[in-house]
>>> print(open('coords17.txt').read())   # compact mmCIF, C-alpha atoms and all ligand atoms
# COMPACT_ATOMS: atom_id res chain seq x y z
CA MET A 1 -15.09 143.16 13.94
CA PRO A 2 -12.23 140.59 14.01
CA LYS A 3 -11.26 139.36 17.45
CA GLN A 4 -8.20 140.81 19.12
CA LYS A 5 -5.31 138.37 19.38
CA ALA A 6 -3.64 137.23 22.60
CA LEU A 7 -0.42 135.24 22.76
CA HIS A 8 0.29 133.22 25.88
CA PHE A 9 3.72 131.62 26.48
CA GLY A 10 3.46 128.32 28.38
CA ALA A 11 0.50 126.01 27.75
CA GLY A 12 1.01 124.45 31.19
CA ASN A 13 -1.11 124.49 34.34
CA ILE A 14 -1.47 128.24 34.81
CA GLY A 15 -1.47 128.90 31.08
CA ARG A 16 -4.40 126.62 30.31
CA GLY A 17 -6.01 126.58 33.75
CA PHE A 18 -6.00 130.28 34.53
CA ILE A 19 -4.58 133.06 32.35
CA GLY A 20 -5.36 131.48 28.96
CA ALA A 21 -8.86 130.69 30.17
CA LEU A 22 -9.50 134.32 31.19
CA LEU A 23 -8.16 135.63 27.88
CA ALA A 24 -10.21 133.25 25.74
CA THR A 25 -13.34 133.85 27.82
CA ALA A 26 -12.83 137.60 27.42
CA GLY A 27 -13.14 137.07 23.65
CA TYR A 28 -9.53 137.10 22.50
CA GLU A 29 -8.38 134.77 19.77
CA LEU A 30 -5.85 132.93 21.91
CA VAL A 31 -2.59 131.42 20.68
CA PHE A 32 -0.50 129.37 23.09
CA ALA A 33 3.26 129.15 22.51
CA ASP A 34 5.08 126.21 24.06
CA VAL A 35 8.06 123.94 23.43
CA VAL A 36 6.04 120.75 23.94
CA GLU A 37 4.87 119.55 20.53
CA LYS A 38 2.25 117.21 21.95
CA LEU A 39 0.47 120.12 23.61
CA ILE A 40 0.66 122.37 20.57
CA ASN A 41 -0.55 119.62 18.23
CA ALA A 42 -3.46 118.85 20.54
CA LEU A 43 -4.42 122.54 20.72
CA ASN A 44 -4.35 122.83 16.93
CA GLU A 45 -6.37 119.67 16.46
CA LYS A 46 -9.06 120.26 19.08
CA LYS A 47 -9.15 124.09 19.20
CA GLU A 48 -10.62 123.76 22.69
CA TYR A 49 -9.89 122.15 26.06
CA GLU A 50 -11.60 121.33 29.34
CA ILE A 51 -11.02 122.81 32.79
CA TYR A 52 -12.14 120.59 35.66
CA ILE A 53 -13.17 122.51 38.77
CA LEU A 54 -11.67 120.74 41.81
CA ASP A 55 -13.55 122.39 44.61
CA LEU A 56 -16.49 122.18 46.98
CA GLU A 57 -17.96 125.22 45.25
CA ARG A 58 -18.77 124.23 41.66
CA LYS A 59 -17.86 120.61 42.46
CA GLY A 60 -17.73 118.38 39.37
CA GLU A 61 -18.23 121.24 36.90
CA ILE A 62 -16.22 121.35 33.70
CA ASP A 63 -15.60 124.54 31.71
CA THR A 64 -14.77 124.29 28.03
CA ILE A 65 -12.40 126.92 26.66
CA LYS A 66 -12.90 127.44 22.95
CA GLY A 67 -11.19 129.29 20.13
CA VAL A 68 -7.61 128.40 20.99
CA SER A 69 -4.62 127.30 18.91
CA GLY A 70 -0.92 126.74 19.42
CA VAL A 71 2.46 127.51 17.98
CA ILE A 72 5.87 126.05 18.79
CA SER A 73 7.74 128.88 20.48
CA THR A 74 10.97 128.14 18.61
CA ASN A 75 9.23 128.62 15.23
CA GLN A 76 10.41 132.21 15.02
CA GLU A 77 8.67 133.05 11.77
CA ALA A 78 5.27 132.07 13.18
CA MET A 79 6.09 133.78 16.47
CA ASN A 80 7.01 137.04 14.71
CA GLN A 81 3.70 136.95 12.86
CA THR A 82 1.73 136.32 16.06
CA ILE A 83 3.60 139.01 18.02
CA THR A 84 2.96 141.46 15.17
CA GLU A 85 -0.79 140.76 15.37
CA ALA A 86 -1.20 140.46 19.15
CA SER A 87 -2.62 143.12 21.42
CA ILE A 88 -1.64 141.32 24.62
CA ILE A 89 1.08 138.82 25.48
CA THR A 90 1.18 136.89 28.73
CA THR A 91 3.56 134.28 30.09
CA ALA A 92 3.43 131.45 32.65
CA VAL A 93 6.60 129.54 31.90
CA GLY A 94 8.44 129.67 35.24
CA PRO A 95 10.72 132.55 36.34
CA ASN A 96 13.88 130.93 34.94
CA VAL A 97 12.43 130.61 31.45
CA LEU A 98 11.76 134.34 31.03
CA ARG A 99 15.38 134.86 29.95
CA ILE A 100 14.97 132.11 27.35
CA ILE A 101 11.81 133.48 25.71
CA ALA A 102 13.10 137.07 25.75
CA ARG A 103 15.13 136.68 22.55
CA GLY A 104 12.13 135.48 20.54
CA ILE A 105 9.91 138.26 21.93
CA ALA A 106 12.56 140.83 20.96
CA SER A 107 12.61 139.46 17.43
CA GLY A 108 8.81 139.66 17.30
CA ILE A 109 8.80 143.26 18.50
CA SER A 110 11.32 144.21 15.85
CA ALA A 111 9.10 142.51 13.23
CA ARG A 112 6.07 144.37 14.59
CA ARG A 113 7.85 147.73 14.24
CA LYS A 114 8.97 146.89 10.70
CA ALA A 115 5.37 145.98 9.82
CA GLY A 116 4.37 149.52 10.88
CA VAL A 117 2.09 148.48 13.74
CA THR A 118 1.53 151.42 16.08
CA SER A 119 -1.13 150.01 18.35
CA GLU A 120 -0.03 149.40 21.93
CA LEU A 121 1.00 145.97 23.17
CA ASN A 122 1.10 144.90 26.81
CA ILE A 123 3.29 142.02 27.94
CA ILE A 124 2.45 140.56 31.35
CA ALA A 125 4.63 137.90 32.95
CA CYS A 126 2.38 135.84 35.23
CA GLU A 127 5.02 134.12 37.34
CA ASN A 128 5.61 133.70 41.07
CA LEU A 129 8.23 136.39 41.06
CA THR A 130 8.20 140.01 42.16
CA GLY A 131 8.73 142.26 39.15
CA ALA A 132 8.59 139.42 36.58
CA SER A 133 7.40 141.68 33.73
CA SER A 134 10.10 144.25 34.52
CA LEU A 135 12.69 141.48 34.40
CA LEU A 136 11.29 140.32 31.07
CA LYS A 137 11.47 143.89 29.74
CA GLU A 138 15.16 144.11 30.68
CA GLU A 139 15.88 140.79 28.99
CA VAL A 140 13.89 141.65 25.86
CA THR A 141 15.61 145.03 25.59
CA LYS A 142 19.04 143.32 25.64
CA HIS A 143 18.07 141.38 22.51
CA LEU A 144 16.50 144.18 20.46
CA PRO A 145 18.60 144.41 17.30
CA GLU A 146 18.30 148.14 16.53
CA ASP A 147 18.01 151.43 18.42
CA ALA A 148 14.76 152.04 16.54
CA ASP A 149 13.39 148.88 18.17
CA LYS A 150 14.28 150.21 21.62
CA GLU A 151 12.47 153.48 20.91
CA TYR A 152 9.51 151.52 19.58
CA LEU A 153 9.42 149.35 22.69
CA ASN A 154 9.49 152.36 25.01
CA GLN A 155 6.71 154.06 23.07
CA TYR A 156 4.31 151.21 22.36
CA VAL A 157 5.06 148.23 24.59
CA GLY A 158 3.99 148.10 28.25
CA PHE A 159 5.30 145.55 30.76
CA PRO A 160 2.89 145.70 33.72
CA ASN A 161 3.86 143.47 36.64
CA CYS A 162 1.19 141.34 38.24
CA ALA A 163 0.24 138.98 41.06
CA VAL A 164 -1.26 135.67 40.00
CA ASP A 165 -3.06 133.39 42.42
CA ARG A 166 -4.81 130.12 41.62
CA ILE A 167 -3.74 126.65 42.72
CA VAL A 168 -3.45 124.52 39.59
CA PRO A 169 -2.05 121.16 40.70
CA PRO A 170 -0.78 118.19 38.67
CA PHE A 171 -3.85 116.61 37.09
CA SER A 172 -4.62 114.16 34.33
CA VAL A 173 -7.55 112.69 32.49
CA GLU A 174 -7.00 109.59 30.37
CA ASN A 175 -6.71 110.33 26.64
CA ASN A 176 -7.08 114.06 27.23
CA THR A 177 -3.70 115.84 26.95
CA LEU A 178 -5.18 119.29 27.42
CA ALA A 179 -7.43 118.74 30.44
CA VAL A 180 -6.45 120.76 33.47
CA GLY A 181 -7.81 120.79 37.04
CA VAL A 182 -8.10 123.97 39.07
CA GLU A 183 -9.40 125.29 42.37
CA ASN A 184 -12.37 127.62 41.97
CA PHE A 185 -10.61 130.64 43.53
CA TYR A 186 -8.49 132.94 41.38
CA GLU A 187 -6.98 136.38 41.60
CA TRP A 188 -5.03 138.22 38.88
CA ILE A 189 -3.94 141.70 39.89
CA VAL A 190 -2.15 143.86 37.32
CA GLU A 191 -0.15 147.07 37.73
CA GLU A 192 -2.39 149.69 36.11
CA PRO A 193 0.10 152.58 35.71
CA ALA A 194 2.41 150.43 33.58
CA ILE A 195 -0.29 149.56 31.01
CA LYS A 196 0.24 151.21 27.62
CA GLY A 197 -2.83 152.43 25.74
CA LYS A 198 -6.40 151.39 26.45
CA LYS A 199 -6.88 149.23 29.57
CA PRO A 200 -7.64 145.66 28.56
CA ASP A 201 -11.20 144.60 29.34
CA ILE A 202 -10.68 141.13 30.75
CA PRO A 203 -13.21 139.91 33.32
CA GLY A 204 -11.18 138.46 36.20
CA MET A 205 -8.25 140.85 35.73
CA LYS A 206 -8.11 143.45 38.52
CA LEU A 207 -6.07 146.62 38.19
CA THR A 208 -4.17 148.33 41.00
CA ASP A 209 -1.72 151.17 41.47
CA ASN A 210 -0.14 149.46 44.50
CA LEU A 211 0.97 146.15 43.12
CA THR A 212 3.93 145.50 45.45
CA ALA A 213 1.54 145.21 48.38
CA PHE A 214 -0.57 142.59 46.56
CA VAL A 215 2.40 140.63 45.24
CA GLN A 216 3.97 140.46 48.69
CA ARG A 217 0.64 139.64 50.33
CA LYS A 218 0.24 136.61 48.09
CA LEU A 219 3.89 135.49 47.91
CA PHE A 220 4.57 135.93 51.63
CA THR A 221 1.32 134.25 52.71
CA LEU A 222 0.07 131.59 50.29
CA ASN A 223 3.41 130.69 48.74
CA CYS A 224 5.21 131.01 52.08
CA GLY A 225 2.81 128.69 53.90
CA HIS A 226 2.70 126.30 50.96
CA ALA A 227 6.51 126.07 50.69
CA ILE A 228 6.88 125.42 54.44
CA THR A 229 4.21 122.70 54.19
CA ALA A 230 6.15 121.11 51.34
CA TYR A 231 9.56 121.15 53.06
CA LEU A 232 8.27 119.94 56.43
CA GLY A 233 6.04 117.45 54.63
CA PHE A 234 9.06 116.06 52.80
CA LEU A 235 10.96 115.69 56.09
CA LYS A 236 8.14 113.64 57.57
CA GLY A 237 7.73 111.52 54.46
CA TYR A 238 4.42 112.91 53.18
CA LYS A 239 3.76 112.98 49.42
CA THR A 240 1.00 115.55 49.16
CA VAL A 241 0.13 118.90 50.70
CA ASP A 242 -3.12 117.62 52.23
CA GLU A 243 -1.30 114.68 53.88
CA ALA A 244 1.32 117.06 55.28
CA LEU A 245 -1.26 119.50 56.64
CA ALA A 246 -3.19 116.72 58.33
CA ASP A 247 -0.14 116.48 60.62
CA PRO A 248 -0.93 118.91 63.50
CA TRP A 249 2.78 119.66 64.09
CA ILE A 250 3.17 120.85 60.48
CA GLU A 251 -0.15 122.68 60.42
CA ASP A 252 0.79 124.60 63.56
CA ILE A 253 4.19 125.73 62.21
CA VAL A 254 2.68 126.72 58.85
CA TYR A 255 -0.13 128.72 60.47
CA LYS A 256 2.24 130.48 62.86
CA ALA A 257 4.66 131.28 60.03
CA MET A 258 1.78 132.88 58.10
CA LEU A 259 0.84 134.86 61.22
CA GLU A 260 4.46 136.06 61.49
CA SER A 261 4.56 137.12 57.85
CA GLY A 262 1.07 138.61 58.28
CA ALA A 263 2.12 140.82 61.19
CA ALA A 264 5.01 142.13 59.08
CA LEU A 265 2.81 142.66 56.00
CA CYS A 266 0.24 144.59 58.05
CA LYS A 267 2.96 146.92 59.33
CA LYS A 268 4.58 147.33 55.94
CA HIS A 269 1.47 147.88 53.83
CA SER A 270 -1.00 149.06 56.47
CA PHE A 271 -3.32 146.11 55.83
CA ASP A 272 -6.21 145.84 58.24
CA GLU A 273 -5.21 143.15 60.77
CA LYS A 274 -8.67 141.55 60.98
CA GLU A 275 -9.00 141.45 57.19
CA HIS A 276 -5.55 139.94 56.91
CA GLU A 277 -6.43 137.25 59.43
CA LYS A 278 -9.43 136.38 57.25
CA TYR A 279 -7.10 136.24 54.26
CA ILE A 280 -4.83 133.75 56.08
CA ASN A 281 -7.80 131.62 57.14
CA LYS A 282 -9.13 131.53 53.58
CA ILE A 283 -5.70 130.35 52.39
CA GLN A 284 -5.64 127.63 55.02
CA LYS A 285 -9.00 126.47 53.72
CA ARG A 286 -7.66 126.49 50.15
CA PHE A 287 -4.66 124.39 51.25
CA ARG A 288 -7.04 121.85 52.77
CA ASN A 289 -9.21 121.55 49.64
CA PRO A 290 -9.94 117.80 49.64
CA TYR A 291 -10.33 117.71 45.85
CA ILE A 292 -6.77 118.84 45.23
CA LYS A 293 -3.89 116.41 45.44
CA ASP A 294 -0.86 118.65 45.18
CA ASP A 295 2.58 117.06 45.34
CA VAL A 296 5.08 118.41 47.86
CA VAL A 297 7.72 118.11 45.12
CA ARG A 298 5.79 120.56 42.91
CA VAL A 299 5.17 123.07 45.67
CA GLY A 300 8.76 122.77 46.96
CA ARG A 301 10.39 122.75 43.50
CA GLU A 302 13.61 124.79 43.04
CA PRO A 303 14.43 125.39 46.71
CA ILE A 304 17.35 127.76 46.00
CA ARG A 305 14.98 130.17 44.26
CA LYS A 306 12.61 129.85 47.19
CA VAL A 307 15.22 130.81 49.82
CA THR A 308 16.73 133.78 48.02
CA ALA A 309 16.26 137.26 49.48
CA GLY A 310 12.86 138.70 48.60
CA ASP A 311 11.20 135.37 47.83
CA ARG A 312 8.41 133.72 49.87
CA LEU A 313 10.47 132.66 52.91
CA VAL A 314 13.36 135.07 53.37
CA GLY A 315 11.25 138.02 52.16
CA PRO A 316 8.75 137.87 55.05
CA LEU A 317 11.47 136.97 57.57
CA ASN A 318 13.47 140.07 56.61
CA MET A 319 10.30 142.14 56.77
CA ALA A 320 9.45 140.80 60.25
CA ARG A 321 13.00 141.55 61.38
CA GLU A 322 12.77 145.07 59.94
CA PHE A 323 9.83 145.76 62.27
CA GLY A 324 11.30 143.96 65.28
CA LEU A 325 8.65 141.19 65.04
CA GLY A 326 8.91 137.44 65.69
CA TYR A 327 10.18 135.16 62.91
CA SER A 328 11.02 131.78 64.52
CA HIS A 329 8.47 129.77 62.47
CA LEU A 330 9.61 131.39 59.23
CA ALA A 331 13.16 130.46 60.24
CA LYS A 332 12.03 126.83 60.66
CA GLY A 333 10.61 126.89 57.14
CA ILE A 334 13.89 128.20 55.74
CA ALA A 335 15.86 125.58 57.67
CA ALA A 336 13.58 122.86 56.27
CA ALA A 337 14.27 124.04 52.71
CA PHE A 338 17.99 123.40 53.29
CA LEU A 339 17.15 119.78 54.17
CA TYR A 340 14.93 119.18 51.15
CA GLU A 341 16.11 116.47 48.77
CA ASN A 342 14.65 115.37 45.46
CA ALA A 343 16.90 113.63 42.94
CA GLU A 344 14.85 115.09 40.07
CA ASP A 345 15.23 118.67 41.28
CA LYS A 346 18.63 120.09 40.29
CA GLN A 347 18.44 122.94 42.79
CA SER A 348 17.83 120.61 45.73
CA GLY A 349 21.05 118.73 44.84
CA GLU A 350 22.98 122.01 44.55
CA LEU A 351 21.65 123.24 47.87
CA ARG A 352 22.49 120.01 49.69
CA ALA A 353 25.97 119.99 48.12
CA LYS A 354 26.53 123.54 49.38
CA VAL A 355 25.51 122.56 52.90
CA GLU A 356 27.83 119.58 52.80
CA GLN A 357 30.79 121.55 51.45
CA LYS A 358 30.46 124.75 53.48
CA GLY A 359 28.41 123.78 56.50
CA ILE A 360 24.88 125.02 57.16
CA ARG A 361 25.90 128.43 58.56
CA GLU A 362 27.92 129.49 55.50
CA ALA A 363 25.36 127.98 53.13
CA VAL A 364 22.54 129.96 54.74
CA ILE A 365 24.50 133.23 54.57
CA GLU A 366 25.48 132.66 50.95
CA VAL A 367 22.11 131.57 49.58
CA THR A 368 19.76 133.78 51.60
CA SER A 369 22.07 136.85 51.77
CA ILE A 370 21.00 137.23 55.43
CA GLN A 371 23.82 139.03 57.25
CA ASP A 372 22.17 139.39 60.65
CA GLY A 373 23.98 136.90 62.92
CA GLU A 374 21.03 136.48 65.28
CA VAL A 375 18.73 135.45 62.40
CA VAL A 376 21.34 133.09 60.98
CA ASP A 377 21.72 131.51 64.46
CA GLU A 378 17.96 130.91 64.61
CA ILE A 379 17.93 129.20 61.20
CA VAL A 380 20.97 127.08 62.09
CA LYS A 381 19.36 126.09 65.40
CA SER A 382 16.15 125.03 63.60
CA TYR A 383 18.19 123.15 61.00
CA GLY A 384 19.83 121.12 63.81
CA GLU A 385 16.42 120.26 65.27
CA LEU A 386 14.83 119.36 61.93
CA GLU A 387 17.83 117.32 60.79
CA LYS A 388 16.95 114.81 63.50
CA LEU A 389 13.58 114.26 61.84
CA LYS A 390 15.27 113.37 58.61
CA ASN A 391 17.93 111.24 60.24
CA PRO A 392 16.80 110.16 63.70
CA LYS A 393 20.29 108.68 64.44
CA LEU A 394 21.95 112.14 64.58
N1 LIG B 401 0.46 126.01 39.11
C1 LIG B 401 0.12 126.93 39.96
O1 LIG B 401 -0.67 126.68 40.87
C2 LIG B 401 0.66 128.32 39.85
C3 LIG B 401 1.81 128.65 39.15
N2 LIG B 401 2.22 129.95 39.08
C4 LIG B 401 3.38 130.33 38.31
O2 LIG B 401 3.08 130.16 36.91
C5 LIG B 401 4.26 129.79 36.22
C6 LIG B 401 4.00 128.51 35.46
O3 LIG B 401 3.66 127.49 36.40
P1 LIG B 401 2.86 126.20 35.95
O4 LIG B 401 1.84 126.55 34.95
O5 LIG B 401 2.45 125.52 37.21
O6 LIG B 401 4.02 125.37 35.25
P2 LIG B 401 3.90 124.28 34.09
O7 LIG B 401 5.18 123.54 34.12
O8 LIG B 401 2.62 123.53 34.21
O9 LIG B 401 3.83 125.17 32.76
C7 LIG B 401 4.93 125.82 32.20
C8 LIG B 401 4.84 125.65 30.71
O10 LIG B 401 5.87 126.44 30.11
C9 LIG B 401 6.36 125.72 29.00
N3 LIG B 401 7.67 126.20 28.58
C10 LIG B 401 8.89 125.91 29.10
N4 LIG B 401 9.85 126.51 28.39
C11 LIG B 401 9.24 127.22 27.42
C12 LIG B 401 9.70 128.05 26.35
N5 LIG B 401 10.99 128.26 26.15
N6 LIG B 401 8.77 128.59 25.53
C13 LIG B 401 7.45 128.36 25.72
N7 LIG B 401 6.96 127.58 26.70
C14 LIG B 401 7.84 127.02 27.54
C15 LIG B 401 6.38 124.28 29.50
O11 LIG B 401 6.50 123.36 28.45
C16 LIG B 401 5.06 124.21 30.23
O12 LIG B 401 4.03 123.79 29.37
C17 LIG B 401 5.35 129.68 37.28
O13 LIG B 401 6.07 130.88 37.36
C18 LIG B 401 4.58 129.47 38.56
O14 LIG B 401 5.28 129.93 39.68
C19 LIG B 401 1.54 130.98 39.67
C20 LIG B 401 0.40 130.73 40.35
C21 LIG B 401 -0.14 129.38 40.49
O1 LIG B 402 5.64 127.90 41.07
P1 LIG B 402 6.64 128.03 42.17
O2 LIG B 402 7.14 129.43 42.36
O3 LIG B 402 7.71 127.03 42.09
O4 LIG B 402 5.89 127.74 43.52
C1 LIG B 402 4.83 126.86 43.66
C2 LIG B 402 3.75 127.66 44.26
O5 LIG B 402 3.09 128.43 43.29
C3 LIG B 402 1.76 128.01 43.20
O6 LIG B 402 1.75 127.02 42.23
C4 LIG B 402 0.88 129.15 42.82
O7 LIG B 402 0.98 130.23 43.64
C5 LIG B 402 1.39 127.44 44.52
O8 LIG B 402 0.39 126.51 44.38
C6 LIG B 402 2.72 126.92 45.01
O9 LIG B 402 2.89 127.28 46.34
>>> encode(input="coords17.txt", output="structure tokens")
Amino acid sequence: MPKQKALHFGAGNIGRGFIGALLATAGYELVFADVVEKLINALNEKKEYEIYILDLERKGEIDTIKGVSGVISTNQEAMNQTITEASIITTAVGPNVLRIIARGIASGISARRKAGVTSELNIIACENLTGASSLLKEEVTKHLPEDADKEYLNQYVGFPNCAVDRIVPPFSVENNTLAVGVENFYEWIVEEPAIKGKKPDIPGMKLTDNLTAFVQRKLFTLNCGHAITAYLGFLKGYKTVDEALADPWIEDIVYKAMLESGAALCKKHSFDEKEHEKYINKIQKRFRNPYIKDDVVRVGREPIRKVTAGDRLVGPLNMAREFGLGYSHLAKGIAAAFLYENAEDKQSGELRAKVEQKGIREAVIEVTSIQDGEVVDEIVKSYGELEKLKNPKL
């Protein structure tokens, strides 16, 4: 029997190091779509790549992922062909790129309908964003050329949301474009009720009917603690996450922020408090993995996105507030994001410009959408304290 085909958008860290690896290992013929020619050419030449395990468990091991190829995502003819043949499509391109790839996916779905394919297709956006697949569905629908395509999409194409958790840091091996380094831990949790047709059999993919709880658990704990580490780390001049967390002042704030978000998550989703504490401790251990050198500029990238309502910092703070729980360490993390500066990160420039033009109070209200004056006061107070770290003369 011929292998089923999987198409994965984004041959980057998560694409090669996590989702693509699970798909290929599950036996799919895997095609990566990316805009970077060097990556696509290397995939087509080698047809395989190496994953280096950066962890105490499985230390020094290298997995080889075979049976892969690549296509340039702007080559619409080739994309239409691949989308027509695929039984699963996944993405890991970054939340802002979903809108960009939607047009090409819509064209592929229209081609698939015209080719008379009536097998189900599931499209799963594996991004750090709540409801990423639903967002992608909305965007794809906007670009579908005919009403018949919209009917086809509703009948045959599923867009299950998911939570995706594996730290895949910047990593390079000389003369090996495709090598990727990963922590050993991974978790991919997919919204079962939204799957169309037969459930995919992919070892490593877990199904749930309560995805929101899992997405928020991961985003408001791991990504929350990580982002605070990055912003405080930047303020104190550290380059990597492990350097930042070796600073007891940072480690204490990060841990307490995760406890604050944890208390709120336990109330919201009825998680067992002891189990959740273990979850936080495991994450702390993952942050301290000595084999991973993760840059604070990667973890802190796009600070505006990270301080919008519902994301990893404001999301748990609002949740804590909703239950009348403490949030002062989360507020510190948010304040630190407003002080973050990286000339290569457009959003950090925009955020700093907003603070300079409008003042911190207005900037916080506008970007975070927090209306509660008491919470805004707490963030502004923390901003004043942290600003002194950045500029001791103030
Ligand atoms: N790296 C990590 O540890 C984790 C990342 N994520 C999420 O996964 C997503 C991807 O992150 P990374 O893999 O770290 O980023 P990355 O930057 O390593 O990979 C993104 C890839 O998408 C490609 N791309 C950009 N525009 C494209 C387009 N129009 N068509 C096709 N490909 C395009 C890029 O060329 C790049 O190869 C993000 O949403 C991130 O939040 C989630 C969990 C862990
Ligand atoms: O990819 P984003 O949303 O910019 O955030 C980076 C975060 O995502 C991860 O790459 C994966 O969850 C973390 O390692 C990091 O905290």
>>> atom_distance(input="coords17.txt", atom1="atom CA of Cys224 of chain A", atom2="atom O11 of ligand LIG 401 (chain B)")
24.9 Å
>>> residues_near_ligand(input="coords17.txt", ligand="ligand LIG 401 (chain B)", cutoff="6 Å", atoms="all atoms listed in the file", output="mmCIF file with C-alpha atoms, in the frame of the given file")
data_model
loop_
_atom_site.group_PDB
_atom_site.id
_atom_site.type_symbol
_atom_site.label_atom_id
_atom_site.label_comp_id
_atom_site.auth_asym_id
_atom_site.auth_seq_id
_atom_site.Cartn_x
_atom_site.Cartn_y
_atom_site.Cartn_z
ATOM 1 C CA PHE A 9 3.720 131.620 26.480
ATOM 2 C CA GLY A 10 3.460 128.320 28.380
ATOM 3 C CA ALA A 11 0.500 126.010 27.750
ATOM 4 C CA GLY A 12 1.010 124.450 31.190
ATOM 5 C CA ASN A 13 -1.110 124.490 34.340
ATOM 6 C CA ILE A 14 -1.470 128.240 34.810
ATOM 7 C CA GLY A 15 -1.470 128.900 31.080
ATOM 8 C CA ALA A 33 3.260 129.150 22.510
ATOM 9 C CA ASP A 34 5.080 126.210 24.060
ATOM 10 C CA VAL A 35 8.060 123.940 23.430
ATOM 11 C CA VAL A 36 6.040 120.750 23.940
ATOM 12 C CA SER A 73 7.740 128.880 20.480
ATOM 13 C CA ALA A 92 3.430 131.450 32.650
ATOM 14 C CA VAL A 93 6.600 129.540 31.900
ATOM 15 C CA GLY A 94 8.440 129.670 35.240
ATOM 16 C CA PRO A 95 10.720 132.550 36.340
ATOM 17 C CA VAL A 97 12.430 130.610 31.450
ATOM 18 C CA ILE A 100 14.970 132.110 27.350
ATOM 19 C CA ILE A 101 11.810 133.480 25.710
ATOM 20 C CA CYS A 126 2.380 135.840 35.230
ATOM 21 C CA GLU A 127 5.020 134.120 37.340
ATOM 22 C CA ASN A 128 5.610 133.700 41.070
ATOM 23 C CA VAL A 164 -1.260 135.670 40.000
ATOM 24 C CA ASP A 165 -3.060 133.390 42.420
ATOM 25 C CA ARG A 166 -4.810 130.120 41.620
ATOM 26 C CA ILE A 167 -3.740 126.650 42.720
ATOM 27 C CA VAL A 168 -3.450 124.520 39.590
ATOM 28 C CA PRO A 169 -2.050 121.160 40.700
#
>>> axis_aligned_box(input="coords17.txt", around="segment 347-357 of chain A", padding_each_side="5 Å", output="lines of an AutoDock Vina configuration file")
center_x = 24.3
center_y = 121.1
center_z = 47.8
size_x = 23.0
size_y = 14.8
size_z = 20.1
>>> closest_residue(input="coords17.txt", among="A:Glu77, A:Glu29, A:Asp149, A:Asp345", to="ligand LIG 402 (chain B)", atoms="all atoms listed in the file")
A:Asp345
>>> residues_around(input="coords17.txt", residues="Leu351 of chain A", least_positions_apart="2", cutoff="12 Å", atoms="only C-alpha atoms", output="ChimeraX atom specification")
/A:302-308,335-343,345-349,353-360,362-364,366-368
>>> closest_residue(input="coords17.txt", among="A:Cys266, A:Val157, A:Val296, A:Ile228", to="Asp242 of chain A", atoms="all atoms listed in the file")
A:Val296
>>> atom_distance(input="coords17.txt", atom1="atom CA of Phe171 of chain A", atom2="atom CA of Thr130 of chain A")
26.8 Å
>>> residues_around(input="coords17.txt", residues="His276 of chain A", least_positions_apart="3", cutoff="12 Å", atoms="all atoms listed in the file", output="compact mmCIF listing (two decimals) with C-alpha atoms, in the coordinates of the input")
# COMPACT_ATOMS: atom_id res chain seq x y z
CA PHE A 214 -0.57 142.59 46.56
CA ARG A 217 0.64 139.64 50.33
CA LYS A 218 0.24 136.61 48.09
CA THR A 221 1.32 134.25 52.71
CA MET A 258 1.78 132.88 58.10
CA LEU A 259 0.84 134.86 61.22
CA GLU A 260 4.46 136.06 61.49
CA SER A 261 4.56 137.12 57.85
CA GLY A 262 1.07 138.61 58.28
CA ALA A 263 2.12 140.82 61.19
CA ALA A 264 5.01 142.13 59.08
CA LEU A 265 2.81 142.66 56.00
CA CYS A 266 0.24 144.59 58.05
CA LYS A 267 2.96 146.92 59.33
CA HIS A 269 1.47 147.88 53.83
CA SER A 270 -1.00 149.06 56.47
CA PHE A 271 -3.32 146.11 55.83
CA ASP A 272 -6.21 145.84 58.24
CA GLU A 273 -5.21 143.15 60.77
CA TYR A 279 -7.10 136.24 54.26
CA ILE A 280 -4.83 133.75 56.08
CA ASN A 281 -7.80 131.62 57.14
CA LYS A 282 -9.13 131.53 53.58
CA ILE A 283 -5.70 130.35 52.39
>>> closest_residue(input="coords17.txt", among="A:Glu243, A:Glu183, A:Asp209, A:Asp372", to="Arg58 of chain A", atoms="all atoms listed in the file")
A:Glu183
>>> closest_residue(input="coords17.txt", among="A:Pro145, A:Pro200, A:Gly225, A:Pro316", to="ligand LIG 402 (chain B)", atoms="all atoms listed in the file")
A:Gly225
>>> closest_residue(input="coords17.txt", among="A:Asn289, A:Asn223, A:Gln4, A:Ser328", to="Ala257 of chain A", atoms="all atoms listed in the file")
A:Ser328
